[in-house]
Amino acid sequence: MSYPCLCQLRPGGPELTAKLLANCSLTKDSRVLDIGCGRGETVRLIRDAYTPHVLGVDTDPRLLAAARTAYPELEFCSGQAEALEWGDASFDLVLAECSLSLADTPAALREIVRVLKPGGRLALSDVYARGEGADLGEPGLLLRQLPTWGQWLALLDRAGLAFHSWQDESGALSQMLGQLIMEQGREAAYGLLGLDSCALARIRPGYLLLWGDKP
């Protein structure tokens, strides 16, 4: 599977990315992996602001081509969150912006824990259900699942990550959806998410920043 549209739309844009990174205690020696790196903007931001030891991975060849064209000096790799090619304890930080809800989340989290160093951190931004959780399956154009807040915590716990902190940033998702509706119409915008208006009302999608640590 690929990580297409949410990574391109980036709810909250670079401002939310900056919030996510600000809670990660990065140094110039930190090693960072950006899963679902898209066109590479976050990889470039991390290189410029924190550490040169950063690389991005994505499954979409078009996005990777755009990233390599825009930032030829940076490292981008093709790969799946569920089967990372790097060895155990390779990274101090794994970043996942809008990508884990498109993946097999439990499998991806197991791989993230494997490649994190002891004491390393996962920083993610993603959707969550403020109402009923939903497993949307493969047909959803953007989302495979919408876990509730409690389900996100359970997923981290089962993978072996200790909860650190979180922030609700649902306004960013509402703003993005409003923009999509303005540009494409309500039906097309909801269809892009793989949800109809009734499902949206029942699930009440929100957006969060979440940090977890590997003991």
# chains A, B, ... in the order shown; residues from 1 in each chain; ligands from 1
>>> select_by_dssp(residues="region 62-211 of chain A", states="strand (DSSP E)", output="JSON, numbers by chain")
{"A": [75, 76, 77, 78, 91, 92, 93, 94, 95, 96, 97, 116, 117, 118, 119, 120, 121, 122, 123, 124, 125, 126, 127, 128, 129, 134, 135, 145, 146, 162, 163, 164, 165, 166, 167, 168, 205, 206, 207, 208, 209, 210, 211]}
>>> residues_around(residues="region 108-118 of chain A", least_positions_apart="2", cutoff="10 Å", atoms="only C-alpha atoms", output="PDB file with C-alpha atoms, in the first residue's frame")
ATOM      1  CA  ARG A  31      19.274   9.664  14.066  1.00  0.00           C
ATOM      2  CA  VAL A  32      15.764  10.175  12.670  1.00  0.00           C
ATOM      3  CA  LEU A  33      13.488   8.167  10.354  1.00  0.00           C
ATOM      4  CA  ILE A  35       7.869   7.221   7.730  1.00  0.00           C
ATOM      5  CA  GLN A  80       6.867  -0.083   3.884  1.00  0.00           C
ATOM      6  CA  ALA A  81       6.230   0.848   7.500  1.00  0.00           C
ATOM      7  CA  GLU A  82       5.377  -2.796   8.158  1.00  0.00           C
ATOM      8  CA  ALA A  83       8.782  -4.050   6.910  1.00  0.00           C
ATOM      9  CA  LEU A  84      11.522  -1.495   7.588  1.00  0.00           C
ATOM     10  CA  GLU A  85      14.901  -2.398   6.133  1.00  0.00           C
ATOM     11  CA  TRP A  86      17.039  -0.984   8.941  1.00  0.00           C
ATOM     12  CA  GLY A  87      18.553  -2.980  11.776  1.00  0.00           C
ATOM     13  CA  ASP A  88      17.461  -3.156  15.384  1.00  0.00           C
ATOM     14  CA  ALA A  89      18.042  -0.025  17.506  1.00  0.00           C
ATOM     15  CA  SER A  90      18.962   2.189  14.534  1.00  0.00           C
ATOM     16  CA  PHE A  91      17.109   5.430  15.360  1.00  0.00           C
ATOM     17  CA  ASP A  92      16.599   7.865  18.220  1.00  0.00           C
ATOM     18  CA  LEU A  93      13.331   9.143  16.735  1.00  0.00           C
ATOM     19  CA  VAL A  94      10.776   7.731  14.334  1.00  0.00           C
ATOM     20  CA  LEU A  95       8.349  10.286  12.933  1.00  0.00           C
ATOM     21  CA  ALA A  96       5.024   9.231  11.418  1.00  0.00           C
ATOM     22  CA  SER A  99       0.880   7.507   7.821  1.00  0.00           C
ATOM     23  CA  LEU A 100       0.090   4.880  10.467  1.00  0.00           C
ATOM     24  CA  SER A 101      -3.685   5.017   9.906  1.00  0.00           C
ATOM     25  CA  ALA A 103      -0.823   1.103   7.276  1.00  0.00           C
ATOM     26  CA  ASP A 104      -1.313  -2.176   9.097  1.00  0.00           C
ATOM     27  CA  THR A 105      -0.899  -0.205  12.304  1.00  0.00           C
ATOM     28  CA  PRO A 106       0.028  -3.013  14.743  1.00  0.00           C
ATOM     29  CA  GLY A 120      14.038   6.366  21.619  1.00  0.00           C
ATOM     30  CA  ARG A 121      10.771   8.063  20.775  1.00  0.00           C
ATOM     31  CA  LEU A 122       7.914   7.673  18.321  1.00  0.00           C
ATOM     32  CA  LEU A 155      -1.903  -0.020  20.173  1.00  0.00           C
ATOM     33  CA  LEU A 156       1.170   1.726  21.581  1.00  0.00           C
ATOM     34  CA  ASP A 157       1.080  -0.380  24.736  1.00  0.00           C
ATOM     35  CA  ARG A 158       0.812  -3.674  22.845  1.00  0.00           C
ATOM     36  CA  ALA A 159       3.759  -2.673  20.659  1.00  0.00           C
ATOM     37  CA  GLY A 160       5.897  -1.997  23.727  1.00  0.00           C
ATOM     38  CA  LEU A 161       5.811   1.808  23.763  1.00  0.00           C
ATOM     39  CA  GLY A 212       5.546   7.279  22.943  1.00  0.00           C
ATOM     40  CA  ASP A 213       8.906   6.070  24.247  1.00  0.00           C
ATOM     41  CA  LYS A 214      10.707   2.765  23.958  1.00  0.00           C
ATOM     42  CA  PRO A 215      11.771   1.661  27.453  1.00  0.00           C
TER      43      PRO A 215
END
>>> residues_around(residues="region 123-127 of chain A", least_positions_apart="6", cutoff="6 Å", atoms="only C-alpha atoms", output="CSV table (one decimal) with all heavy atoms, in the first residue's frame")
chain,number,residue,atom,x,y,z
A,95,LEU,N,9.4,9.3,13.2
A,95,LEU,CA,8.3,10.3,12.9
A,95,LEU,C,7.3,9.7,12.0
A,95,LEU,O,7.7,9.1,11.0
A,95,LEU,CB,8.9,11.6,12.3
A,95,LEU,CG,8.0,12.8,12.2
A,95,LEU,CD1,7.7,13.4,13.6
A,95,LEU,CD2,8.6,13.8,11.3
A,96,ALA,N,6.1,9.8,12.3
A,96,ALA,CA,5.0,9.2,11.4
A,96,ALA,C,3.9,10.3,11.3
A,96,ALA,O,3.0,10.3,12.2
A,96,ALA,CB,4.5,7.9,12.0
A,97,GLU,N,3.9,11.1,10.3
A,97,GLU,CA,2.9,12.1,10.1
A,97,GLU,C,1.8,11.5,9.1
A,97,GLU,O,2.1,11.3,7.9
A,97,GLU,CB,3.5,13.4,9.5
A,97,GLU,CG,4.4,14.1,10.4
A,97,GLU,CD,4.9,15.4,9.8
A,97,GLU,OE1,5.8,15.3,9.0
A,97,GLU,OE2,4.4,16.4,10.2
A,98,CYS,N,0.6,11.3,9.6
A,98,CYS,CA,-0.5,10.9,8.7
A,98,CYS,C,-0.2,9.6,8.0
A,98,CYS,O,-0.7,9.5,6.9
A,98,CYS,CB,-0.8,12.0,7.7
A,98,CYS,SG,-0.7,13.7,8.3
A,206,GLY,N,-11.1,13.2,14.6
A,206,GLY,CA,-10.3,14.3,15.2
A,206,GLY,C,-8.9,14.0,14.7
A,206,GLY,O,-8.5,13.1,13.9
A,207,TYR,N,-8.0,14.9,15.2
A,207,TYR,CA,-6.6,14.8,14.8
A,207,TYR,C,-5.7,15.0,16.1
A,207,TYR,O,-6.0,15.9,16.9
A,207,TYR,CB,-6.2,15.9,13.8
A,207,TYR,CG,-5.0,15.6,13.0
A,207,TYR,CD1,-5.0,14.6,12.0
A,207,TYR,CD2,-3.8,16.3,13.2
A,207,TYR,CE1,-3.9,14.3,11.3
A,207,TYR,CE2,-2.7,16.1,12.4
A,207,TYR,CZ,-2.7,15.1,11.5
A,207,TYR,OH,-1.6,14.8,10.8
A,208,LEU,N,-4.7,14.2,16.2
A,208,LEU,CA,-3.9,14.3,17.4
A,208,LEU,C,-2.4,14.3,17.1
A,208,LEU,O,-1.9,13.8,16.1
A,208,LEU,CB,-4.2,13.1,18.4
A,208,LEU,CG,-4.1,11.7,17.9
A,208,LEU,CD1,-2.7,11.2,17.8
A,208,LEU,CD2,-4.9,10.8,18.9
A,209,LEU,N,-1.6,14.8,18.1
A,209,LEU,CA,-0.2,14.6,18.2
A,209,LEU,C,0.0,13.7,19.4
A,209,LEU,O,-0.5,13.9,20.4
A,209,LEU,CB,0.6,15.9,18.4
A,209,LEU,CG,0.3,17.1,17.5
A,209,LEU,CD1,1.2,18.2,17.8
A,209,LEU,CD2,0.4,16.7,16.0
A,210,LEU,N,0.9,12.6,19.2
A,210,LEU,CA,1.1,11.6,20.2
A,210,LEU,C,2.5,11.2,20.2
A,210,LEU,O,3.1,11.0,19.2
A,210,LEU,CB,0.1,10.4,19.9
A,210,LEU,CG,0.2,9.2,20.8
A,210,LEU,CD1,-0.2,9.6,22.2
A,210,LEU,CD2,-0.8,8.1,20.3
A,211,TRP,N,3.1,11.1,21.5
A,211,TRP,CA,4.4,10.7,21.6
A,211,TRP,C,4.5,9.4,22.5
A,211,TRP,O,3.8,9.4,23.6
A,211,TRP,CB,5.3,11.8,22.3
A,211,TRP,CG,5.4,13.0,21.5
A,211,TRP,CD1,6.3,13.4,20.6
A,211,TRP,CD2,4.4,14.2,21.5
A,211,TRP,NE1,6.1,14.6,20.0
A,211,TRP,CE2,4.9,15.1,20.6
A,211,TRP,CE3,3.3,14.4,22.2
A,211,TRP,CZ2,4.3,16.3,20.3
A,211,TRP,CZ3,2.6,15.6,21.9
A,211,TRP,CH2,3.1,16.6,21.0
>>> closest_residue(among="A:Arg68, A:Arg204, A:His164, A:His53", to="Tyr128 (chain A)", atoms="only C-alpha atoms")
A:Arg204
>>> closest_residue(among="A:Lys19, A:Ala65, A:Val57, A:Gly171", to="Ser78 (chain A)", atoms="only C-alpha atoms")
A:Val57
>>> atom_distance(atom1="CA of Glu41 (chain A)", atom2="CA of Thr27 (chain A)")
19.1 Å
>>> atom_distance(atom1="CA of Gly131 (chain A)", atom2="CA of Gly12 (chain A)")
21.4 Å
>>> closest_residue(among="A:Glu169, A:Glu15, A:Lys28, A:Ala154", to="Ala49 (chain A)", atoms="only C-alpha atoms")
A:Lys28
>>> residues_around(residues="Val54 (chain A)", least_positions_apart="2", cutoff="9 Å", atoms="only C-alpha atoms", output="PDB file with all heavy atoms, in the first residue's frame")
ATOM      1  N   SER A  30      21.365  13.063  16.788  1.00  0.00           N
ATOM      2  CA  SER A  30      20.198  12.180  16.739  1.00  0.00           C
ATOM      3  C   SER A  30      20.017  11.587  15.351  1.00  0.00           C
ATOM      4  O   SER A  30      20.240  12.251  14.338  1.00  0.00           O
ATOM      5  CB  SER A  30      18.934  12.956  17.130  1.00  0.00           C
ATOM      6  OG  SER A  30      19.004  13.439  18.443  1.00  0.00           O
ATOM      7  N   ARG A  31      19.585  10.343  15.324  1.00  0.00           N
ATOM      8  CA  ARG A  31      19.274   9.664  14.066  1.00  0.00           C
ATOM      9  C   ARG A  31      17.750   9.553  13.961  1.00  0.00           C
ATOM     10  O   ARG A  31      17.097   9.037  14.863  1.00  0.00           O
ATOM     11  CB  ARG A  31      19.931   8.287  14.002  1.00  0.00           C
ATOM     12  CG  ARG A  31      21.457   8.351  14.049  1.00  0.00           C
ATOM     13  CD  ARG A  31      22.082   6.986  13.828  1.00  0.00           C
ATOM     14  NE  ARG A  31      21.697   6.436  12.531  1.00  0.00           N
ATOM     15  CZ  ARG A  31      22.304   6.733  11.380  1.00  0.00           C
ATOM     16  NH1 ARG A  31      23.310   7.588  11.360  1.00  0.00           N
ATOM     17  NH2 ARG A  31      21.905   6.175  10.255  1.00  0.00           N
ATOM     18  N   VAL A  32      17.214  10.025  12.815  1.00  0.00           N
ATOM     19  CA  VAL A  32      15.764  10.175  12.670  1.00  0.00           C
ATOM     20  C   VAL A  32      15.286   9.483  11.398  1.00  0.00           C
ATOM     21  O   VAL A  32      15.912   9.605  10.338  1.00  0.00           O
ATOM     22  CB  VAL A  32      15.376  11.669  12.602  1.00  0.00           C
ATOM     23  CG1 VAL A  32      13.860  11.830  12.469  1.00  0.00           C
ATOM     24  CG2 VAL A  32      15.882  12.415  13.844  1.00  0.00           C
ATOM     25  N   LEU A  33      14.159   8.779  11.505  1.00  0.00           N
ATOM     26  CA  LEU A  33      13.488   8.167  10.354  1.00  0.00           C
ATOM     27  C   LEU A  33      12.104   8.773  10.226  1.00  0.00           C
ATOM     28  O   LEU A  33      11.329   8.790  11.189  1.00  0.00           O
ATOM     29  CB  LEU A  33      13.368   6.652  10.546  1.00  0.00           C
ATOM     30  CG  LEU A  33      12.611   5.887   9.454  1.00  0.00           C
ATOM     31  CD1 LEU A  33      13.358   5.947   8.128  1.00  0.00           C
ATOM     32  CD2 LEU A  33      12.372   4.433   9.871  1.00  0.00           C
ATOM     33  N   ASP A  34      11.773   9.276   9.031  1.00  0.00           N
ATOM     34  CA  ASP A  34      10.457   9.845   8.745  1.00  0.00           C
ATOM     35  C   ASP A  34       9.694   8.861   7.871  1.00  0.00           C
ATOM     36  O   ASP A  34      10.011   8.677   6.690  1.00  0.00           O
ATOM     37  CB  ASP A  34      10.616  11.193   8.041  1.00  0.00           C
ATOM     38  CG  ASP A  34       9.280  11.851   7.709  1.00  0.00           C
ATOM     39  OD1 ASP A  34       8.243  11.382   8.215  1.00  0.00           O
ATOM     40  OD2 ASP A  34       9.286  12.836   6.950  1.00  0.00           O
ATOM     41  N   VAL A  43      11.713  16.016   6.190  1.00  0.00           N
ATOM     42  CA  VAL A  43      13.113  15.595   6.218  1.00  0.00           C
ATOM     43  C   VAL A  43      14.025  16.810   6.087  1.00  0.00           C
ATOM     44  O   VAL A  43      15.016  16.963   6.815  1.00  0.00           O
ATOM     45  CB  VAL A  43      13.394  14.570   5.104  1.00  0.00           C
ATOM     46  CG1 VAL A  43      14.888  14.220   5.053  1.00  0.00           C
ATOM     47  CG2 VAL A  43      12.577  13.299   5.325  1.00  0.00           C
ATOM     48  N   ARG A  44      13.681  17.704   5.191  1.00  0.00           N
ATOM     49  CA  ARG A  44      14.467  18.925   5.022  1.00  0.00           C
ATOM     50  C   ARG A  44      14.413  19.787   6.276  1.00  0.00           C
ATOM     51  O   ARG A  44      15.432  20.320   6.732  1.00  0.00           O
ATOM     52  CB  ARG A  44      13.938  19.698   3.804  1.00  0.00           C
ATOM     53  CG  ARG A  44      14.810  20.896   3.388  1.00  0.00           C
ATOM     54  CD  ARG A  44      14.370  22.175   4.061  1.00  0.00           C
ATOM     55  NE  ARG A  44      12.938  22.394   3.869  1.00  0.00           N
ATOM     56  CZ  ARG A  44      12.215  23.219   4.616  1.00  0.00           C
ATOM     57  NH1 ARG A  44      12.777  23.895   5.607  1.00  0.00           N
ATOM     58  NH2 ARG A  44      10.927  23.364   4.397  1.00  0.00           N
ATOM     59  N   ILE A  46      13.943  18.842   9.390  1.00  0.00           N
ATOM     60  CA  ILE A  46      14.751  18.230  10.452  1.00  0.00           C
ATOM     61  C   ILE A  46      16.237  18.447  10.189  1.00  0.00           C
ATOM     62  O   ILE A  46      17.004  18.777  11.099  1.00  0.00           O
ATOM     63  CB  ILE A  46      14.426  16.729  10.557  1.00  0.00           C
ATOM     64  CG1 ILE A  46      12.988  16.532  11.058  1.00  0.00           C
ATOM     65  CG2 ILE A  46      15.414  16.020  11.489  1.00  0.00           C
ATOM     66  CD1 ILE A  46      12.483  15.119  10.959  1.00  0.00           C
ATOM     67  N   ARG A  47      16.657  18.289   8.949  1.00  0.00           N
ATOM     68  CA  ARG A  47      18.059  18.519   8.600  1.00  0.00           C
ATOM     69  C   ARG A  47      18.464  19.954   8.912  1.00  0.00           C
ATOM     70  O   ARG A  47      19.531  20.211   9.487  1.00  0.00           O
ATOM     71  CB  ARG A  47      18.261  18.210   7.116  1.00  0.00           C
ATOM     72  CG  ARG A  47      19.723  18.225   6.607  1.00  0.00           C
ATOM     73  CD  ARG A  47      20.223  19.624   6.224  1.00  0.00           C
ATOM     74  NE  ARG A  47      19.318  20.387   5.388  1.00  0.00           N
ATOM     75  CZ  ARG A  47      19.305  20.336   4.060  1.00  0.00           C
ATOM     76  NH1 ARG A  47      20.143  19.559   3.419  1.00  0.00           N
ATOM     77  NH2 ARG A  47      18.445  21.103   3.383  1.00  0.00           N
ATOM     78  N   THR A  51      19.266  17.974  12.925  1.00  0.00           N
ATOM     79  CA  THR A  51      20.326  16.996  12.738  1.00  0.00           C
ATOM     80  C   THR A  51      20.451  16.607  11.271  1.00  0.00           C
ATOM     81  O   THR A  51      19.443  16.493  10.566  1.00  0.00           O
ATOM     82  CB  THR A  51      20.054  15.725  13.575  1.00  0.00           C
ATOM     83  OG1 THR A  51      21.042  14.715  13.267  1.00  0.00           O
ATOM     84  CG2 THR A  51      18.673  15.143  13.294  1.00  0.00           C
ATOM     85  N   PRO A  52      21.679  16.364  10.802  1.00  0.00           N
ATOM     86  CA  PRO A  52      21.839  15.891   9.423  1.00  0.00           C
ATOM     87  C   PRO A  52      21.555  14.403   9.256  1.00  0.00           C
ATOM     88  O   PRO A  52      21.457  13.917   8.131  1.00  0.00           O
ATOM     89  CB  PRO A  52      23.310  16.198   9.130  1.00  0.00           C
ATOM     90  CG  PRO A  52      23.979  16.094  10.457  1.00  0.00           C
ATOM     91  CD  PRO A  52      22.978  16.609  11.460  1.00  0.00           C
ATOM     92  N   GLY A  56      14.129   9.682   4.878  1.00  0.00           N
ATOM     93  CA  GLY A  56      12.700   9.500   4.690  1.00  0.00           C
ATOM     94  C   GLY A  56      12.402   8.234   3.925  1.00  0.00           C
ATOM     95  O   GLY A  56      13.176   7.832   3.045  1.00  0.00           O
ATOM     96  N   LEU A  74      19.547  14.986   0.194  1.00  0.00           N
ATOM     97  CA  LEU A  74      18.974  14.223   1.297  1.00  0.00           C
ATOM     98  C   LEU A  74      18.705  12.783   0.871  1.00  0.00           C
ATOM     99  O   LEU A  74      18.667  12.463  -0.317  1.00  0.00           O
ATOM    100  CB  LEU A  74      17.688  14.887   1.781  1.00  0.00           C
ATOM    101  CG  LEU A  74      17.856  16.306   2.333  1.00  0.00           C
ATOM    102  CD1 LEU A  74      16.512  16.883   2.747  1.00  0.00           C
ATOM    103  CD2 LEU A  74      18.813  16.328   3.506  1.00  0.00           C
ATOM    104  N   GLU A  75      18.489  11.918   1.856  1.00  0.00           N
ATOM    105  CA  GLU A  75      18.327  10.486   1.588  1.00  0.00           C
ATOM    106  C   GLU A  75      16.860  10.090   1.703  1.00  0.00           C
ATOM    107  O   GLU A  75      16.223  10.307   2.729  1.00  0.00           O
ATOM    108  CB  GLU A  75      19.161   9.657   2.565  1.00  0.00           C
ATOM    109  CG  GLU A  75      19.129   8.166   2.276  1.00  0.00           C
ATOM    110  CD  GLU A  75      20.042   7.357   3.176  1.00  0.00           C
ATOM    111  OE1 GLU A  75      20.754   7.964   4.004  1.00  0.00           O
ATOM    112  OE2 GLU A  75      20.033   6.124   3.038  1.00  0.00           O
TER     113      GLU A  75
END
>>> closest_residue(among="A:Gly40, A:Ser174, A:Gln151, A:Cys198", to="Pro11 (chain A)", atoms="only C-alpha atoms")
A:Ser174
